[in-house]
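Data from work_25.cif: mmCIF, C-alpha atoms (C1' of nucleotides)
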data_input
loop_
_atom_site.label_atom_id
_atom_site.label_comp_id
_atom_site.auth_asym_id
_atom_site.auth_seq_id
_atom_site.Cartn_x
_atom_site.Cartn_y
_atom_site.Cartn_z
CA MET A 155 -77.61 141.43 57.52
CA ASN A 156 -78.39 145.11 57.48
CA ALA A 157 -81.88 144.54 58.76
CA ASN A 158 -81.78 148.02 60.22
CA PRO A 159 -82.24 150.59 57.46
CA GLU A 160 -80.34 153.10 59.59
CA THR A 161 -77.14 151.11 59.12
CA ALA A 162 -77.68 149.89 55.56
CA PRO A 163 -74.64 150.35 53.29
CA LEU A 164 -74.51 153.48 51.24
CA PRO A 165 -74.85 152.20 47.70
CA ALA A 166 -72.76 154.96 46.13
CA LEU A 167 -69.22 153.71 46.51
CA GLU A 168 -68.60 150.17 45.34
CA LEU A 169 -65.09 149.34 46.44
CA GLU A 170 -64.99 146.22 44.31
CA VAL A 171 -64.89 148.36 41.21
CA PHE A 172 -63.29 151.44 42.68
CA LEU A 173 -60.02 151.93 40.86
CA PRO A 174 -57.71 153.39 43.52
CA TYR A 175 -58.77 150.65 45.90
CA ARG A 176 -58.28 147.84 43.40
CA LEU A 177 -54.98 149.26 42.35
CA ALA A 178 -53.72 149.39 45.92
CA ARG A 179 -54.77 145.85 46.65
CA ALA A 180 -53.38 144.32 43.48
CA SER A 181 -50.13 146.23 43.74
CA GLU A 182 -49.60 145.24 47.35
CA ALA A 183 -50.44 141.63 46.62
CA VAL A 184 -48.00 141.40 43.73
CA SER A 185 -45.29 143.31 45.53
CA VAL A 186 -45.40 141.16 48.63
CA ASP A 187 -45.58 137.99 46.62
CA PHE A 188 -42.77 139.03 44.33
CA SER A 189 -40.54 140.03 47.23
CA LYS A 190 -40.05 136.34 47.94
CA VAL A 191 -37.58 136.33 45.09
CA TYR A 192 -35.03 138.51 46.91
CA HIS A 193 -36.44 138.63 50.39
CA ASP A 194 -33.56 136.86 52.12
CA ARG A 195 -30.95 139.19 50.69
CA LEU A 196 -32.64 142.57 50.35
CA SER A 197 -35.45 144.71 51.65
CA ARG A 198 -38.09 145.89 49.19
CA THR A 199 -36.63 149.37 49.16
CA GLU A 200 -33.13 148.07 48.59
CA TRP A 201 -34.34 145.91 45.75
CA ARG A 202 -35.90 148.89 44.04
CA VAL A 203 -32.77 151.00 44.37
CA LEU A 204 -30.58 148.15 43.23
CA ALA A 205 -32.69 147.37 40.19
CA THR A 206 -32.78 151.01 39.21
CA LEU A 207 -29.03 151.37 39.60
CA ALA A 208 -28.47 148.20 37.59
CA GLN A 209 -30.58 149.55 34.79
CA LEU A 210 -29.16 153.04 34.74
CA GLY A 211 -25.52 152.07 35.22
CA LYS A 212 -23.34 154.62 36.97
CA THR A 213 -25.61 157.29 38.52
CA THR A 214 -26.37 159.25 41.62
CA ALA A 215 -28.87 158.80 44.42
CA THR A 216 -30.90 161.77 43.24
CA VAL A 217 -31.37 160.31 39.78
CA ILE A 218 -32.39 156.98 41.24
CA GLY A 219 -34.91 158.69 43.46
CA ALA A 220 -36.43 160.59 40.57
CA HIS A 221 -36.59 157.48 38.43
CA ALA A 222 -38.15 155.23 41.02
CA ALA A 223 -40.33 157.95 42.58
CA MET A 224 -38.77 157.36 45.97
CA HIS A 225 -38.11 159.83 48.73
CA LYS A 226 -34.48 160.88 48.91
CA THR A 227 -34.03 159.85 52.52
CA LYS A 228 -35.31 156.42 51.61
CA VAL A 229 -32.81 156.21 48.78
CA SER A 230 -30.03 157.51 50.99
CA ARG A 231 -30.57 154.80 53.56
CA ALA A 232 -30.93 152.06 50.97
CA VAL A 233 -27.69 153.14 49.33
CA PHE A 234 -25.96 152.99 52.68
CA ALA A 235 -27.22 149.45 53.25
CA LEU A 236 -26.28 148.33 49.76
CA GLU A 237 -22.84 149.79 50.18
CA LYS A 238 -22.41 147.96 53.44
CA GLY A 239 -23.49 144.75 51.74
CA LYS A 240 -20.88 145.32 49.03
CA TRP A 241 -23.47 145.58 46.27
CA LEU A 242 -22.19 148.96 45.18
CA ILE A 243 -19.39 151.43 45.70
CA ARG A 244 -19.56 155.19 45.74
CA LYS A 245 -17.03 157.71 44.50
CA THR A 246 -17.12 161.43 45.07
CA ASP A 247 -17.10 163.38 41.83
CA GLU A 248 -13.71 164.96 41.08
CA THR A 249 -14.94 168.39 40.11
CA ASP A 250 -18.21 168.73 42.06
CA ARG A 251 -17.61 167.24 45.45
CA ARG A 252 -21.29 167.21 46.41
CA ILE A 253 -22.00 164.42 43.93
CA GLU A 254 -21.56 160.79 44.87
CA TRP A 255 -21.37 158.46 41.89
CA LEU A 256 -22.77 155.02 42.50
CA GLU A 257 -22.00 151.85 40.65
CA LEU A 258 -22.44 148.16 41.19
CA THR A 259 -19.40 146.24 42.30
CA ARG A 260 -18.40 143.33 40.13
CA THR A 261 -19.84 140.82 42.57
CA GLY A 262 -22.85 143.05 43.12
CA GLY A 263 -23.50 142.97 39.40
CA LYS A 264 -23.21 139.21 39.30
CA ARG A 265 -25.46 138.72 42.27
CA PHE A 266 -28.00 141.08 40.80
CA ALA A 267 -27.93 139.30 37.45
CA ALA A 268 -28.91 136.11 39.22
CA LEU A 269 -31.80 137.85 40.95
CA ALA A 270 -32.88 139.51 37.72
CA LYS A 271 -33.18 136.12 36.10
CA LEU A 272 -35.55 135.01 38.86
CA ALA A 273 -37.45 138.27 38.64
CA LEU A 274 -38.01 137.87 34.93
CA ALA A 275 -39.13 134.31 35.37
CA TYR A 276 -41.60 135.48 37.99
CA GLU A 277 -42.92 138.19 35.74
CA ALA A 278 -43.15 135.82 32.78
CA ARG A 279 -45.49 133.67 34.87
CA LEU A 280 -47.59 136.73 35.65
CA MET A 281 -47.76 137.82 32.04
CA GLU A 282 -48.64 134.35 30.90
CA GLU A 283 -51.46 134.22 33.43
CA LEU A 284 -52.89 137.41 32.01
CA GLY A 285 -52.35 136.64 28.36
CA PRO A 286 -50.32 138.93 26.10
CA LYS A 287 -53.18 141.17 25.10
CA ASN A 288 -54.42 141.91 28.61
CA ALA A 289 -50.84 142.35 29.77
CA ARG A 290 -50.20 144.97 27.13
CA THR A 291 -53.40 146.82 27.92
CA LEU A 292 -52.60 146.69 31.61
CA LEU A 293 -49.13 148.15 31.18
CA SER A 294 -50.33 150.90 28.93
CA ALA A 295 -53.16 151.75 31.30
CA LEU A 296 -50.74 151.92 34.22
CA ASN A 297 -48.51 154.14 32.18
CA HIS A 298 -51.44 156.34 31.36
CA LEU A 299 -52.57 156.61 34.98
CA GLU A 300 -49.13 157.47 36.18
CA HIS A 301 -48.68 160.17 33.64
CA ILE A 302 -52.06 161.71 34.17
CA LYS A 303 -51.39 162.01 37.83
CA LEU A 304 -47.70 162.53 38.35
CA PRO A 305 -47.66 166.22 37.40
CA ASN A 306 -50.07 166.89 40.26
CA LEU A 307 -47.89 165.17 42.79
CA LYS A 308 -45.85 167.12 45.22
CA ARG A 309 -43.09 165.10 46.82
CA MET B 170 -22.87 158.01 29.91
CA ASN B 171 -21.88 154.42 30.48
CA ALA B 172 -18.69 154.89 28.55
CA ASN B 173 -17.10 152.24 30.71
CA PRO B 174 -18.32 148.79 29.61
CA GLU B 175 -17.63 147.54 33.14
CA THR B 176 -20.50 149.65 34.42
CA ALA B 177 -22.88 149.38 31.47
CA PRO B 178 -26.49 148.59 32.46
CA LEU B 179 -27.47 144.96 32.46
CA PRO B 180 -29.99 144.74 29.64
CA ALA B 181 -32.02 141.94 31.21
CA LEU B 182 -34.42 143.78 33.49
CA GLU B 183 -36.28 146.66 31.88
CA LEU B 184 -38.05 148.40 34.73
CA GLU B 185 -40.14 150.45 32.35
CA VAL B 186 -42.04 147.34 31.36
CA PHE B 187 -41.59 145.34 34.53
CA LEU B 188 -45.03 144.73 35.92
CA PRO B 189 -44.50 144.80 39.70
CA TYR B 190 -42.54 148.01 39.35
CA ARG B 191 -45.13 149.72 37.14
CA LEU B 192 -47.91 148.56 39.38
CA ALA B 193 -46.22 150.00 42.46
CA ARG B 194 -45.57 153.34 40.83
CA ALA B 195 -49.02 153.76 39.34
CA SER B 196 -50.76 152.66 42.51
CA GLU B 197 -48.74 155.00 44.67
CA ALA B 198 -49.28 157.89 42.29
CA VAL B 199 -53.03 157.42 42.19
CA SER B 200 -53.31 156.80 45.91
CA VAL B 201 -51.39 159.91 46.88
CA ASP B 202 -53.22 162.03 44.35
CA PHE B 203 -56.58 160.69 45.36
CA SER B 204 -55.89 161.24 49.03
CA LYS B 205 -56.34 164.95 48.41
CA VAL B 206 -60.05 164.30 48.47
CA TYR B 207 -60.15 163.41 52.16
CA HIS B 208 -56.69 164.39 53.27
CA ASP B 209 -57.75 167.14 55.68
CA ARG B 210 -60.16 164.92 57.55
CA LEU B 211 -58.68 161.43 57.44
CA SER B 212 -55.47 159.49 57.02
CA ARG B 213 -55.21 157.07 54.14
CA THR B 214 -55.66 154.11 56.45
CA GLU B 215 -58.68 155.66 58.10
CA TRP B 216 -60.23 156.36 54.71
CA ARG B 217 -59.87 152.76 53.71
CA VAL B 218 -61.43 151.48 56.90
CA LEU B 219 -64.21 154.01 56.70
CA ALA B 220 -65.05 153.23 53.08
CA THR B 221 -65.07 149.53 53.82
CA LEU B 222 -67.33 149.99 56.81
CA ALA B 223 -69.65 152.21 54.81
CA GLN B 224 -69.98 149.59 52.16
CA LEU B 225 -70.41 146.62 54.44
CA GLY B 226 -72.72 148.29 56.92
CA LYS B 227 -72.56 147.01 60.47
CA THR B 228 -69.47 144.78 60.78
CA THR B 229 -66.42 144.02 62.86
CA ALA B 230 -62.79 145.05 62.62
CA THR B 231 -61.75 141.57 61.60
CA VAL B 232 -64.12 141.51 58.65
CA ILE B 233 -62.93 144.91 57.54
CA GLY B 234 -59.34 143.77 57.74
CA ALA B 235 -60.02 140.69 55.66
CA HIS B 236 -61.96 142.68 53.11
CA ALA B 237 -59.39 145.44 52.67
CA ALA B 238 -56.35 143.18 53.11
CA MET B 239 -55.14 145.26 56.02
CA HIS B 240 -53.21 144.18 59.06
CA LYS B 241 -55.42 143.89 62.13
CA THR B 242 -53.35 146.27 64.22
CA LYS B 243 -53.67 148.83 61.47
CA VAL B 244 -57.44 148.38 61.49
CA SER B 245 -57.56 148.49 65.26
CA ARG B 246 -55.82 151.84 65.40
CA ALA B 247 -57.85 153.30 62.56
CA VAL B 248 -61.07 152.25 64.27
CA PHE B 249 -59.93 153.94 67.43
CA ALA B 250 -59.21 157.17 65.55
CA LEU B 251 -62.53 157.03 63.70
CA GLU B 252 -64.35 156.42 66.95
CA LYS B 253 -62.66 159.40 68.51
CA GLY B 254 -63.64 161.50 65.51
CA LYS B 255 -67.26 160.39 65.95
CA TRP B 256 -67.38 158.69 62.56
CA LEU B 257 -68.47 155.42 64.09
CA ILE B 258 -69.63 153.83 67.29
CA ARG B 259 -68.88 150.40 68.62
CA LYS B 260 -71.08 148.06 70.59
CA THR B 261 -70.01 144.86 72.26
CA ASP B 262 -71.99 141.88 71.04
CA GLU B 263 -74.60 140.71 73.55
CA THR B 264 -73.88 137.02 73.39
CA ASP B 265 -70.22 136.89 72.37
CA ARG B 266 -68.47 139.61 74.29
CA ARG B 267 -65.26 139.39 72.26
CA ILE B 268 -66.96 140.88 69.24
CA GLU B 269 -67.22 144.64 68.76
CA TRP B 270 -69.82 145.69 66.23
CA LEU B 271 -68.99 148.81 64.34
CA GLU B 272 -71.34 151.14 62.57
CA LEU B 273 -71.27 154.62 61.21
CA THR B 274 -72.88 157.29 63.31
CA ARG B 275 -75.58 159.30 61.64
CA THR B 276 -73.29 162.26 61.11
CA GLY B 277 -70.44 159.93 60.17
CA GLY B 278 -72.65 158.49 57.47
CA LYS B 279 -73.54 161.92 56.19
CA ARG B 280 -69.97 163.13 56.19
CA PHE B 281 -68.89 159.99 54.42
CA ALA B 282 -71.59 160.36 51.79
CA ALA B 283 -70.20 163.77 50.94
CA LEU B 284 -66.69 162.35 50.62
CA ALA B 285 -67.96 159.44 48.56
CA LYS B 286 -69.46 161.87 46.09
CA LEU B 287 -66.07 163.52 45.65
CA ALA B 288 -64.39 160.14 45.40
CA LEU B 289 -66.70 159.02 42.65
CA ALA B 290 -66.18 162.24 40.77
CA TYR B 291 -62.45 161.74 41.04
CA GLU B 292 -62.69 158.21 39.79
CA ALA B 293 -65.00 159.20 36.97
CA ARG B 294 -62.28 161.55 35.75
CA LEU B 295 -59.78 158.72 35.88
CA MET B 296 -62.05 156.35 34.01
CA GLU B 297 -62.83 158.93 31.41
CA GLU B 298 -59.12 159.52 30.88
CA LEU B 299 -58.61 155.83 30.22
CA GLY B 300 -61.67 155.26 28.14
CA PRO B 301 -64.31 152.68 29.08
CA LYS B 302 -62.69 149.77 27.29
CA ASN B 303 -59.23 150.22 28.80
CA ALA B 304 -60.78 150.85 32.19
CA ARG B 305 -62.66 147.58 32.04
CA THR B 306 -59.59 145.66 30.93
CA LEU B 307 -57.57 147.29 33.68
CA LEU B 308 -60.01 146.37 36.41
CA SER B 309 -60.33 142.82 35.22
CA ALA B 310 -56.56 142.47 34.96
CA LEU B 311 -56.12 143.80 38.50
CA ASN B 312 -58.74 141.38 39.68
CA HIS B 313 -56.97 138.58 37.93
CA LEU B 314 -53.58 139.49 39.40
CA GLU B 315 -54.95 139.70 42.86
CA HIS B 316 -56.63 136.36 42.66
CA ILE B 317 -53.67 134.62 41.15
CA LYS B 318 -51.50 135.81 43.94
CA LEU B 319 -53.60 136.13 47.06
CA PRO B 320 -53.68 132.41 47.89
CA ASN B 321 -49.87 132.51 48.20
CA LEU B 322 -49.95 135.40 50.59
CA LYS B 323 -49.41 134.89 54.26
CA ARG B 324 -50.60 137.77 56.37
"C1'" DG C 218 -65.81 120.56 84.53
"C1'" DA C 219 -61.13 121.58 84.43
"C1'" DA C 220 -57.52 121.98 80.85
"C1'" DT C 221 -56.44 123.48 76.43
"C1'" DA C 222 -57.03 125.72 72.16
"C1'" DT C 223 -58.92 129.35 69.52
"C1'" DC C 224 -60.57 133.86 68.61
"C1'" DA C 225 -61.40 139.32 68.58
"C1'" DG C 226 -59.04 142.93 69.54
"C1'" DT C 227 -55.23 145.70 71.91
"C1'" DT C 228 -50.60 146.85 73.36
"C1'" DT C 229 -45.58 146.70 73.31
"C1'" DC C 230 -41.49 147.06 70.91
"C1'" DA C 231 -38.31 147.48 67.16
"C1'" DT C 232 -38.17 149.03 62.49
"C1'" DT C 233 -39.32 151.99 58.65
"C1'" DC C 234 -40.72 156.13 56.89
"C1'" DG C 235 -41.30 161.23 55.75
"C1'" DT C 236 -40.78 166.12 57.27
"C1'" DA C 237 -37.84 169.36 58.35
"C1'" DA C 238 -33.59 170.87 59.64
"C1'" DC C 239 -29.05 170.45 58.59
"C1'" DC C 240 -23.94 170.16 56.29
"C1'" DA C 241 -20.97 170.78 52.80
"C1'" DT C 242 -20.36 172.45 48.38
"C1'" DC C 243 -21.09 175.02 44.41
"C1'" DA C 244 -23.17 178.94 41.31
"C1'" DG C 245 -24.53 183.55 40.58
"C1'" DA C 246 -24.92 188.41 41.79
"C1'" DT C 247 -22.96 192.39 43.40
"C1'" DA D 254 -14.22 188.52 47.81
"C1'" DT D 255 -18.62 188.01 49.99
"C1'" DC D 256 -23.29 187.30 50.22
"C1'" DT D 257 -27.26 184.77 48.73
"C1'" DG D 258 -29.42 180.97 47.08
"C1'" DA D 259 -29.60 176.52 45.22
"C1'" DT D 260 -28.07 171.48 45.24
"C1'" DG D 261 -26.60 166.57 46.69
"C1'" DG D 262 -26.87 164.14 50.40
"C1'" DT D 263 -27.35 162.96 55.54
"C1'" DT D 264 -29.40 163.16 60.12
"C1'" DA D 265 -32.75 163.95 64.03
"C1'" DC D 266 -37.11 163.25 65.32
"C1'" DG D 267 -41.93 162.11 65.40
"C1'" DA D 268 -45.49 159.30 63.18
"C1'" DA D 269 -46.88 154.99 61.12
"C1'" DT D 270 -46.22 150.18 60.73
"C1'" DG D 271 -45.90 144.91 61.52
"C1'" DA D 272 -44.46 140.97 64.44
"C1'" DA D 273 -45.18 139.03 68.49
"C1'" DA D 274 -46.87 138.91 72.95
"C1'" DC D 275 -50.81 139.72 75.57
"C1'" DT D 276 -55.99 140.18 77.51
"C1'" DG D 277 -60.34 138.71 78.00
"C1'" DA D 278 -63.65 135.74 76.26
"C1'" DT D 279 -65.58 131.51 74.02
"C1'" DA D 280 -65.02 126.57 72.09
"C1'" DT D 281 -63.35 122.17 72.37
"C1'" DT D 282 -61.37 118.14 74.32
"C1'" DC D 283 -60.62 114.90 77.62
#
Now, as a test, write the supplied structure out as structure tokens.
Amino acid sequence: MNANPETAPLPALELEVFLPYRLARASEAVSVDFSKVYHDRLSRTEWRVLATLAQLGKTTATVIGAHAAMHKTKVSRAVFALEKGKWLIRKTDETDRRIEWLELTRTGGKRFAALAKLALAYEARLMEELGPKNARTLLSALNHLEHIKLPNLKR
Amino acid sequence: MNANPETAPLPALELEVFLPYRLARASEAVSVDFSKVYHDRLSRTEWRVLATLAQLGKTTATVIGAHAAMHKTKVSRAVFALEKGKWLIRKTDETDRRIEWLELTRTGGKRFAALAKLALAYEARLMEELGPKNARTLLSALNHLEHIKLPNLKR
DNA sequence: GAATATCAGTTTCATTCGTAACCATCAGAT
DNA sequence: ATCTGATGGTTACGAATGAAACTGATATTC
């Protein structure tokens, strides 16, 4: 292949070791694979909102969006879907009527707990595959990357 | 916050150290930030197809899709856009007329080389931030993750 | 040498997403 | 009090996306 020098690959950019490319591929692969855990009950977006809400406890859509780095319209629609599915309820704040407080319903909490167990089992498998040392380095590197870049982001 | 024990966060799933979540956030952050490099000339999808083509030299859409783990319709549309923008030309194979060979045009190659230079500079900054050792561990961990999971993926 | 299956790539259609505009509400200034 | 500007959240609309159906071509099977 590439007998014709005119069409030979430019040697400069090796995608196999190009970080943004590898990151995108690995992230997508893990995300899609992991989504099997909740796939029949939730969309990926809904899962993310739900998990964030479960961790934060009673909060608002805006806080969830900030925490999960998701666009507010995306959050808004996911909240609507989760509400419809009886995962959560919303209550308008007494004093500031713009704010909608969100919390898991009792059954929503239970159902989520069951999913969380599966999620943790999945992740444990991943971590084990990597070994504890690599896993730690990976997480800290991801953290680092995110914090280098996030200030530059406009969303 | 969380005065009400009924709504207290479930302690089980800590998103801050949950790998799929961190991976998604970091990848998105880097990808969006990095897209500034080519943003005025190309979409993210087009960039990925272009970079893959540049590396592989003369190839087909199918090969590009397999290499970049992209859906074939996504590749098809990106190729169309790149063709329209005179980045590449396509030629139907002489003997098997289903196959469309793609290659960069001369100017497409030149324009890409300029972008690649910027891309490498960007990545160098990233790598430097991380330090060579962490960067290596990160890449190998990503590689590992991808290869653990990819066989399970159905696309 | 038809009939059938497979393959590269495109198109159609329904869904998802982000931008921008929007509503309702609140805070601050005058 | 009213005007201005911000804020939490939703909606309308166009662009991007993936699943599935499709086209045109080649391989395979009988």
Spatial neighbours of DA269 of chain D, max dist 12 Å, only C-alpha atoms (C1' of nucleotides), sep filter under 6 positions, as a PyMOL selection string: (chain B and resi 212-214+242-243+246-247) or (chain C and resi 232-235)
Ground truth for the PyMOL selection byres ((chain C) within 9 of (chain B)), written as a PyMOL selection string: chain C and resi 224-227
Selection result of the PyMOL selection byres ((chain C and resi 247) around 12) on this file, as a VMD selection string: (chain C and resid 245 to 246) or (chain D and resid 254 to 257)
Saved selection, atoms kept: C-alpha atoms (C1' of nucleotides), as a PDB file, in the frame of the given file:
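Ended up saving to out39.pdb:
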ATOM      1  C1'  DG C 245     -24.530 183.550  40.580  1.00  0.00           C
ATOM      2  C1'  DA C 246     -24.920 188.410  41.790  1.00  0.00           C
TER       3       DA C 246
ATOM      4  C1'  DA D 254     -14.220 188.520  47.810  1.00  0.00           C
ATOM      5  C1'  DT D 255     -18.620 188.010  49.990  1.00  0.00           C
ATOM      6  C1'  DC D 256     -23.290 187.300  50.220  1.00  0.00           C
ATOM      7  C1'  DT D 257     -27.260 184.770  48.730  1.00  0.00           C
TER       8       DT D 257
END
Matched chain/residue IDs from the PyMOL selection byres ((chain A) within 8 of (chain B)), as JSON, numbers by chain: {"A": [156, 161, 162, 163, 164, 165, 166, 167, 168, 169, 171, 172, 173, 174, 176, 177, 178, 179, 180, 181, 182, 183, 184, 185, 186, 187, 188, 205, 206, 208, 209, 210, 211, 212, 222, 223, 257, 258, 267, 270, 271, 274, 277, 280, 284, 288, 289, 291, 292, 293, 295, 296, 297, 298, 299, 300, 303, 304, 306, 307]}
Go ahead and save the residues from that selection, with C-alpha atoms, as a PDB file, keeping the file's coordinate frame.
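This went into result26.pdb:
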ATOM      1  CA  ASN A 156     -78.390 145.110  57.480  1.00  0.00           C
ATOM      2  CA  THR A 161     -77.140 151.110  59.120  1.00  0.00           C
ATOM      3  CA  ALA A 162     -77.680 149.890  55.560  1.00  0.00           C
ATOM      4  CA  PRO A 163     -74.640 150.350  53.290  1.00  0.00           C
ATOM      5  CA  LEU A 164     -74.510 153.480  51.240  1.00  0.00           C
ATOM      6  CA  PRO A 165     -74.850 152.200  47.700  1.00  0.00           C
ATOM      7  CA  ALA A 166     -72.760 154.960  46.130  1.00  0.00           C
ATOM      8  CA  LEU A 167     -69.220 153.710  46.510  1.00  0.00           C
ATOM      9  CA  GLU A 168     -68.600 150.170  45.340  1.00  0.00           C
ATOM     10  CA  LEU A 169     -65.090 149.340  46.440  1.00  0.00           C
ATOM     11  CA  VAL A 171     -64.890 148.360  41.210  1.00  0.00           C
ATOM     12  CA  PHE A 172     -63.290 151.440  42.680  1.00  0.00           C
ATOM     13  CA  LEU A 173     -60.020 151.930  40.860  1.00  0.00           C
ATOM     14  CA  PRO A 174     -57.710 153.390  43.520  1.00  0.00           C
ATOM     15  CA  ARG A 176     -58.280 147.840  43.400  1.00  0.00           C
ATOM     16  CA  LEU A 177     -54.980 149.260  42.350  1.00  0.00           C
ATOM     17  CA  ALA A 178     -53.720 149.390  45.920  1.00  0.00           C
ATOM     18  CA  ARG A 179     -54.770 145.850  46.650  1.00  0.00           C
ATOM     19  CA  ALA A 180     -53.380 144.320  43.480  1.00  0.00           C
ATOM     20  CA  SER A 181     -50.130 146.230  43.740  1.00  0.00           C
ATOM     21  CA  GLU A 182     -49.600 145.240  47.350  1.00  0.00           C
ATOM     22  CA  ALA A 183     -50.440 141.630  46.620  1.00  0.00           C
ATOM     23  CA  VAL A 184     -48.000 141.400  43.730  1.00  0.00           C
ATOM     24  CA  SER A 185     -45.290 143.310  45.530  1.00  0.00           C
ATOM     25  CA  VAL A 186     -45.400 141.160  48.630  1.00  0.00           C
ATOM     26  CA  ASP A 187     -45.580 137.990  46.620  1.00  0.00           C
ATOM     27  CA  PHE A 188     -42.770 139.030  44.330  1.00  0.00           C
ATOM     28  CA  ALA A 205     -32.690 147.370  40.190  1.00  0.00           C
ATOM     29  CA  THR A 206     -32.780 151.010  39.210  1.00  0.00           C
ATOM     30  CA  ALA A 208     -28.470 148.200  37.590  1.00  0.00           C
ATOM     31  CA  GLN A 209     -30.580 149.550  34.790  1.00  0.00           C
ATOM     32  CA  LEU A 210     -29.160 153.040  34.740  1.00  0.00           C
ATOM     33  CA  GLY A 211     -25.520 152.070  35.220  1.00  0.00           C
ATOM     34  CA  LYS A 212     -23.340 154.620  36.970  1.00  0.00           C
ATOM     35  CA  ALA A 222     -38.150 155.230  41.020  1.00  0.00           C
ATOM     36  CA  ALA A 223     -40.330 157.950  42.580  1.00  0.00           C
ATOM     37  CA  GLU A 257     -22.000 151.850  40.650  1.00  0.00           C
ATOM     38  CA  LEU A 258     -22.440 148.160  41.190  1.00  0.00           C
ATOM     39  CA  ALA A 267     -27.930 139.300  37.450  1.00  0.00           C
ATOM     40  CA  ALA A 270     -32.880 139.510  37.720  1.00  0.00           C
ATOM     41  CA  LYS A 271     -33.180 136.120  36.100  1.00  0.00           C
ATOM     42  CA  LEU A 274     -38.010 137.870  34.930  1.00  0.00           C
ATOM     43  CA  GLU A 277     -42.920 138.190  35.740  1.00  0.00           C
ATOM     44  CA  LEU A 280     -47.590 136.730  35.650  1.00  0.00           C
ATOM     45  CA  LEU A 284     -52.890 137.410  32.010  1.00  0.00           C
ATOM     46  CA  ASN A 288     -54.420 141.910  28.610  1.00  0.00           C
ATOM     47  CA  ALA A 289     -50.840 142.350  29.770  1.00  0.00           C
ATOM     48  CA  THR A 291     -53.400 146.820  27.920  1.00  0.00           C
ATOM     49  CA  LEU A 292     -52.600 146.690  31.610  1.00  0.00           C
ATOM     50  CA  LEU A 293     -49.130 148.150  31.180  1.00  0.00           C
ATOM     51  CA  ALA A 295     -53.160 151.750  31.300  1.00  0.00           C
ATOM     52  CA  LEU A 296     -50.740 151.920  34.220  1.00  0.00           C
ATOM     53  CA  ASN A 297     -48.510 154.140  32.180  1.00  0.00           C
ATOM     54  CA  HIS A 298     -51.440 156.340  31.360  1.00  0.00           C
ATOM     55  CA  LEU A 299     -52.570 156.610  34.980  1.00  0.00           C
ATOM     56  CA  GLU A 300     -49.130 157.470  36.180  1.00  0.00           C
ATOM     57  CA  LYS A 303     -51.390 162.010  37.830  1.00  0.00           C
ATOM     58  CA  LEU A 304     -47.700 162.530  38.350  1.00  0.00           C
ATOM     59  CA  ASN A 306     -50.070 166.890  40.260  1.00  0.00           C
ATOM     60  CA  LEU A 307     -47.890 165.170  42.790  1.00  0.00           C
TER      61      LEU A 307
END
Under the rule of at most 10 Å, produce a per-residue listing of chain D near chain B: chain, number, name, the closest pair of atoms, and the distance in Å, as a tab-separated table, using all atoms listed in the file.
residue	atom	partner	partner_atom	distance
D:DA269	C1'	B:Lys243	CA	9.2
D:DT270	C1'	B:Lys243	CA	7.6
D:DG271	C1'	B:His240	CA	7.7
D:DG277	C1'	B:Arg267	CA	7.6
D:DA278	C1'	B:Arg267	CA	5.6
D:DT279	C1'	B:Asp265	CA	7.3
Separation of atom C1' of DC240 of chain C from atom C1' of DT264 of chain D, in Å and rounded to one decimal: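 Between these atoms lies a distance of 9.7 Å.
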Atomic distance atom CA of Phe249 of chain B - atom CA of Gly277 of chain B, expressed in Å with one decimal: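 Calculated distance between atom CA of Phe249 of chain B and atom CA of Gly277 of chain B is 14.1 Å.
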Between atom CA of Val218 of chain B and atom CA of Asp262 of chain B - distance in Å to one decimal: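 Separation between atom CA of Asp262 of chain B and atom CA of Val218 of chain B: 20.1 Å.
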Close residues, DA220 of chain C itself excluded, 12 Å, all atoms listed in the file, min 2 positions apart in chain, as a list in words: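 Skipping anything fewer than 2 positions along the chain leaves DG218 and DA222 of chain C; DT281, DT282 and DC283 of chain D.
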Using the block above, I'd like segment 286-308 of chain B written out, keeping C-alpha atoms and formatting it as a CSV table (one decimal), in the first residue's frame.
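Saved result, result-v2.csv, follows:
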chain,number,residue,atom,x,y,z
B,286,LYS,CA,1.2,20.9,13.4
B,287,LEU,CA,-1.2,22.8,15.6
B,288,ALA,CA,-2.7,19.5,16.8
B,289,LEU,CA,0.7,18.2,17.8
B,290,ALA,CA,1.6,21.4,19.6
B,291,TYR,CA,-1.7,21.2,21.5
B,292,GLU,CA,-1.0,17.7,22.5
B,293,ALA,CA,2.5,18.4,23.5
B,294,ARG,CA,1.1,21.0,25.9
B,295,LEU,CA,-1.2,18.3,27.3
B,296,MET,CA,1.6,15.8,27.7
B,297,GLU,CA,3.9,18.3,29.3
B,298,GLU,CA,1.1,19.1,31.8
B,299,LEU,CA,0.8,15.5,32.8
B,300,GLY,CA,4.5,14.6,32.8
B,301,PRO,CA,5.9,11.9,30.6
B,302,LYS,CA,5.4,9.1,33.1
B,303,ASN,CA,1.7,9.8,33.8
B,304,ALA,CA,1.1,10.4,30.1
B,305,ARG,CA,2.5,7.0,29.3
B,306,THR,CA,0.5,5.3,32.0
B,307,LEU,CA,-2.6,7.1,30.8
B,308,LEU,CA,-2.2,6.0,27.2
